[in-house]
Amino acid sequence: MTMTLQTQSQGVPIVEPQKAIIEVRNAGKIYSVKGRSALTVFENLSYSIPERSFLSIVGPSGCGKSTLLKLVSGLEPASSGEILFKGRKITGPADGMIYVFQQYAKSIFPWRTVIQNIDFGLQSHKRLGRKAARDLCMEYIRLVGLEGYEDYYPYQLSGGMQQRVVIARALICEPAVLLMDEPFSAVDALTRAILQELLLKIWQTIPVTILFVTHDVEEAVFLSTHIISLTKSPARIHEDLDIDLPYPRDQIKTRADDRFNAIRQKLFASIFLQEKGMAPGKV
Ligand SMILES: Nc1ncnc2c1ncn2[C@@H]1O[C@H](COP(=O)(O)OP(=O)(O)OP(=O)(O)O)[C@@H](O)[C@H]1O
Ligand SMILES: [Mg+2]
């Protein structure tokens, strides 16, 4: 458990556990498909996600990363155990949590301009007058670096720009938790690096907790305060790491940092060996 140091008024330091925004308690998920034996994706999974943290979930294809995110979002019910959001049991999609899908092309409205797409997010969140709404949309357009493109339609934008629209549309709802399922996997490597830095800048500006699913160990280490790696199903937590590299992180400097490379290499080796069924070799 991560601890924070606080100072009392008398100047005596006290140690307090960091508040959990999401608590996964003995959660299990079983899928039953007609004519096939039931699939236990995971069982008895427990994890506390500290408020304002950036948690990445890594693991082999099919191990249950997206399923875990769906359970947290309330889109799928848990088969056993429970998941709490701000201390309350999740029973369906909760206010304050937003899910960003991998396939941005499917979630963006092609018939709406950039600003109209972002305004759609705003309208679902709160009612503002026309000018106030436009001003707020422009603020988020600037935040994701799309100033000047507000009246473009999605087909006039690159993939990375479309993903920025989706991120702005999610953030304008002021979520406490952003759930992202491989959000950068469909863009090229350079755009991905730029979007990673952008996401960190946003995360440092806005009080949001991020749960981020990725296949990419390097991406997870670059972004996260915490990483969990899951095993093949039935999945369990194989690694649970705190990444204490300083922020702001920088694509050039952080990736050249010996500690970054040591963590990345050890985590990769641990997952790889575990996958090959060899000695667990934990980080
Ligand atoms: N709605 C569903 N009905 C039945 N089985 C499902 C359903 N959704 C997922 N599964 C199964 O659950 C397991 C975990 O799937 P999930 O999509 O969570 O994996 P993942 O770790 O996200 O994989 P990937 O890295 O390929 O995205 C898979 O075996 C999948 O076939
Ligand atoms: Mg998935």
# chains A, B, ... in the order shown; residues from 1 in each chain; ligands from 1
>>> residues_near_ligand(ligand="ligand 1", cutoff="9 Å", atoms="only C-alpha atoms and all ligand atoms", output="MDAnalysis selection string")
chainID A and resid 29:33 38:42 58:70 76 181:182 213:215 230 232:234
>>> select_by_dssp(residues="region 53-223 of chain A", states="strand (DSSP E)", output="PDB file with C-alpha atoms, in the first residue's frame")
ATOM      1  CA  PHE A  54      -2.126   6.120 -12.864  1.00  0.00           C
ATOM      2  CA  LEU A  55      -2.546   2.347 -12.886  1.00  0.00           C
ATOM      3  CA  SER A  56      -1.612   0.264 -15.904  1.00  0.00           C
ATOM      4  CA  ILE A  57      -2.860  -3.287 -16.355  1.00  0.00           C
ATOM      5  CA  VAL A  58      -0.661  -5.492 -18.527  1.00  0.00           C
ATOM      6  CA  SER A  80     -18.622 -12.919  -7.356  1.00  0.00           C
ATOM      7  CA  GLY A  81     -17.069 -10.445  -4.936  1.00  0.00           C
ATOM      8  CA  GLU A  82     -17.599  -6.722  -5.308  1.00  0.00           C
ATOM      9  CA  ILE A  83     -16.052  -3.545  -6.642  1.00  0.00           C
ATOM     10  CA  LEU A  84     -16.407  -0.252  -4.802  1.00  0.00           C
ATOM     11  CA  PHE A  85     -16.162   3.224  -6.319  1.00  0.00           C
ATOM     12  CA  ARG A  88     -20.087   2.414  -2.904  1.00  0.00           C
ATOM     13  CA  LYS A  89     -20.683  -0.900  -4.592  1.00  0.00           C
ATOM     14  CA  MET A  97     -16.309   7.164 -14.583  1.00  0.00           C
ATOM     15  CA  ILE A  98     -15.713   7.288 -18.319  1.00  0.00           C
ATOM     16  CA  TYR A  99     -14.563   4.489 -20.618  1.00  0.00           C
ATOM     17  CA  VAL A 100     -12.343   5.316 -23.603  1.00  0.00           C
ATOM     18  CA  VAL A 177     -11.840   8.004 -13.142  1.00  0.00           C
ATOM     19  CA  LEU A 178     -10.841   7.534 -16.757  1.00  0.00           C
ATOM     20  CA  LEU A 179     -10.826   3.924 -17.991  1.00  0.00           C
ATOM     21  CA  MET A 180      -8.706   3.485 -21.105  1.00  0.00           C
ATOM     22  CA  ASP A 181      -8.515   0.204 -23.018  1.00  0.00           C
ATOM     23  CA  THR A 209      -7.407   8.673 -11.646  1.00  0.00           C
ATOM     24  CA  ILE A 210      -6.491   6.673 -14.750  1.00  0.00           C
ATOM     25  CA  LEU A 211      -6.821   2.916 -15.340  1.00  0.00           C
ATOM     26  CA  PHE A 212      -4.966   2.073 -18.497  1.00  0.00           C
ATOM     27  CA  VAL A 213      -4.880  -1.292 -20.261  1.00  0.00           C
TER      28      VAL A 213
END
>>> select_by_dssp(residues="region 118-242 of chain A", states="alpha helix (DSSP H)", output="MDAnalysis selection string")
chainID A and resid 118:125 130:143 159:171 189:205 217:223
>>> write_last_selection(atoms="C-alpha atoms", output="mmCIF file, in the first residue's frame")
data_model
loop_
_atom_site.group_PDB
_atom_site.id
_atom_site.type_symbol
_atom_site.label_atom_id
_atom_site.label_comp_id
_atom_site.auth_asym_id
_atom_site.auth_seq_id
_atom_site.Cartn_x
_atom_site.Cartn_y
_atom_site.Cartn_z
ATOM 1 C CA ILE A 118 -16.820 17.540 -27.580
ATOM 2 C CA ASP A 119 -20.008 19.511 -26.919
ATOM 3 C CA PHE A 120 -21.902 16.210 -27.005
ATOM 4 C CA GLY A 121 -19.852 15.077 -23.988
ATOM 5 C CA LEU A 122 -20.557 18.355 -22.248
ATOM 6 C CA GLN A 123 -24.325 18.201 -22.866
ATOM 7 C CA SER A 124 -24.463 14.757 -21.270
ATOM 8 C CA HIS A 125 -22.738 16.219 -18.218
ATOM 9 C CA ARG A 130 -24.260 28.649 -25.683
ATOM 10 C CA LYS A 131 -21.318 30.958 -25.099
ATOM 11 C CA ALA A 132 -20.229 29.296 -21.842
ATOM 12 C CA ALA A 133 -20.483 25.864 -23.503
ATOM 13 C CA ARG A 134 -18.395 26.985 -26.484
ATOM 14 C CA ASP A 135 -15.771 28.558 -24.203
ATOM 15 C CA LEU A 136 -15.506 25.377 -22.155
ATOM 16 C CA CYS A 137 -15.249 23.198 -25.290
ATOM 17 C CA MET A 138 -12.471 25.480 -26.551
ATOM 18 C CA GLU A 139 -10.638 25.052 -23.237
ATOM 19 C CA TYR A 140 -10.602 21.273 -23.694
ATOM 20 C CA ILE A 141 -9.720 21.623 -27.382
ATOM 21 C CA ARG A 142 -6.670 23.627 -26.310
ATOM 22 C CA LEU A 143 -5.855 21.081 -23.596
ATOM 23 C CA GLY A 159 -6.044 8.968 -36.270
ATOM 24 C CA GLY A 160 -4.089 10.611 -33.458
ATOM 25 C CA MET A 161 -6.163 13.779 -33.770
ATOM 26 C CA GLN A 162 -9.382 11.759 -33.630
ATOM 27 C CA GLN A 163 -8.160 10.086 -30.470
ATOM 28 C CA ARG A 164 -7.514 13.550 -28.982
ATOM 29 C CA VAL A 165 -11.143 14.453 -29.724
ATOM 30 C CA VAL A 166 -12.303 11.327 -27.896
ATOM 31 C CA ILE A 167 -10.078 12.167 -24.905
ATOM 32 C CA ALA A 168 -11.353 15.774 -24.784
ATOM 33 C CA ARG A 169 -14.964 14.575 -25.019
ATOM 34 C CA ALA A 170 -14.367 12.243 -22.076
ATOM 35 C CA LEU A 171 -12.547 14.819 -19.955
ATOM 36 C CA ALA A 189 4.710 4.928 -32.850
ATOM 37 C CA LEU A 190 5.530 8.645 -32.987
ATOM 38 C CA THR A 191 1.924 9.754 -32.536
ATOM 39 C CA ARG A 192 1.673 7.279 -29.690
ATOM 40 C CA ALA A 193 4.691 8.841 -27.951
ATOM 41 C CA ILE A 194 3.144 12.299 -28.339
ATOM 42 C CA LEU A 195 -0.230 11.127 -27.009
ATOM 43 C CA GLN A 196 1.464 9.466 -24.022
ATOM 44 C CA GLU A 197 3.090 12.767 -23.046
ATOM 45 C CA LEU A 198 -0.198 14.591 -23.637
ATOM 46 C CA LEU A 199 -2.085 12.171 -21.406
ATOM 47 C CA LEU A 200 0.456 12.631 -18.614
ATOM 48 C CA LYS A 201 0.215 16.412 -18.950
ATOM 49 C CA ILE A 202 -3.572 16.186 -18.642
ATOM 50 C CA TRP A 203 -3.339 13.779 -15.704
ATOM 51 C CA GLN A 204 -1.059 16.239 -13.916
ATOM 52 C CA THR A 205 -3.426 19.161 -14.681
ATOM 53 C CA VAL A 217 5.316 -2.897 -20.988
ATOM 54 C CA GLU A 218 7.406 0.125 -21.987
ATOM 55 C CA GLU A 219 4.291 2.281 -22.319
ATOM 56 C CA ALA A 220 3.084 1.094 -18.906
ATOM 57 C CA VAL A 221 6.378 1.968 -17.192
ATOM 58 C CA PHE A 222 6.569 5.337 -18.941
ATOM 59 C CA LEU A 223 3.085 6.383 -17.837
#
>>> atom_distance(atom1="CA of Ile237 (chain A)", atom2="CA of Gln251 (chain A)")
28.1 Å
>>> residues_around(residues="Thr254 (chain A)", least_positions_apart="2", cutoff="12 Å", atoms="only C-alpha atoms", output="ChimeraX atom specification")
/A:197,218-219,221-223,244-252,256-264
>>> closest_residue(among="A:Ser158, A:Thr91, A:Ser37, A:Ser53", to="Ala176 (chain A)", atoms="only C-alpha atoms")
A:Ser53
>>> atom_distance(atom1="CA of Ala235 (chain A)", atom2="CA of Leu45 (chain A)")
8.2 Å
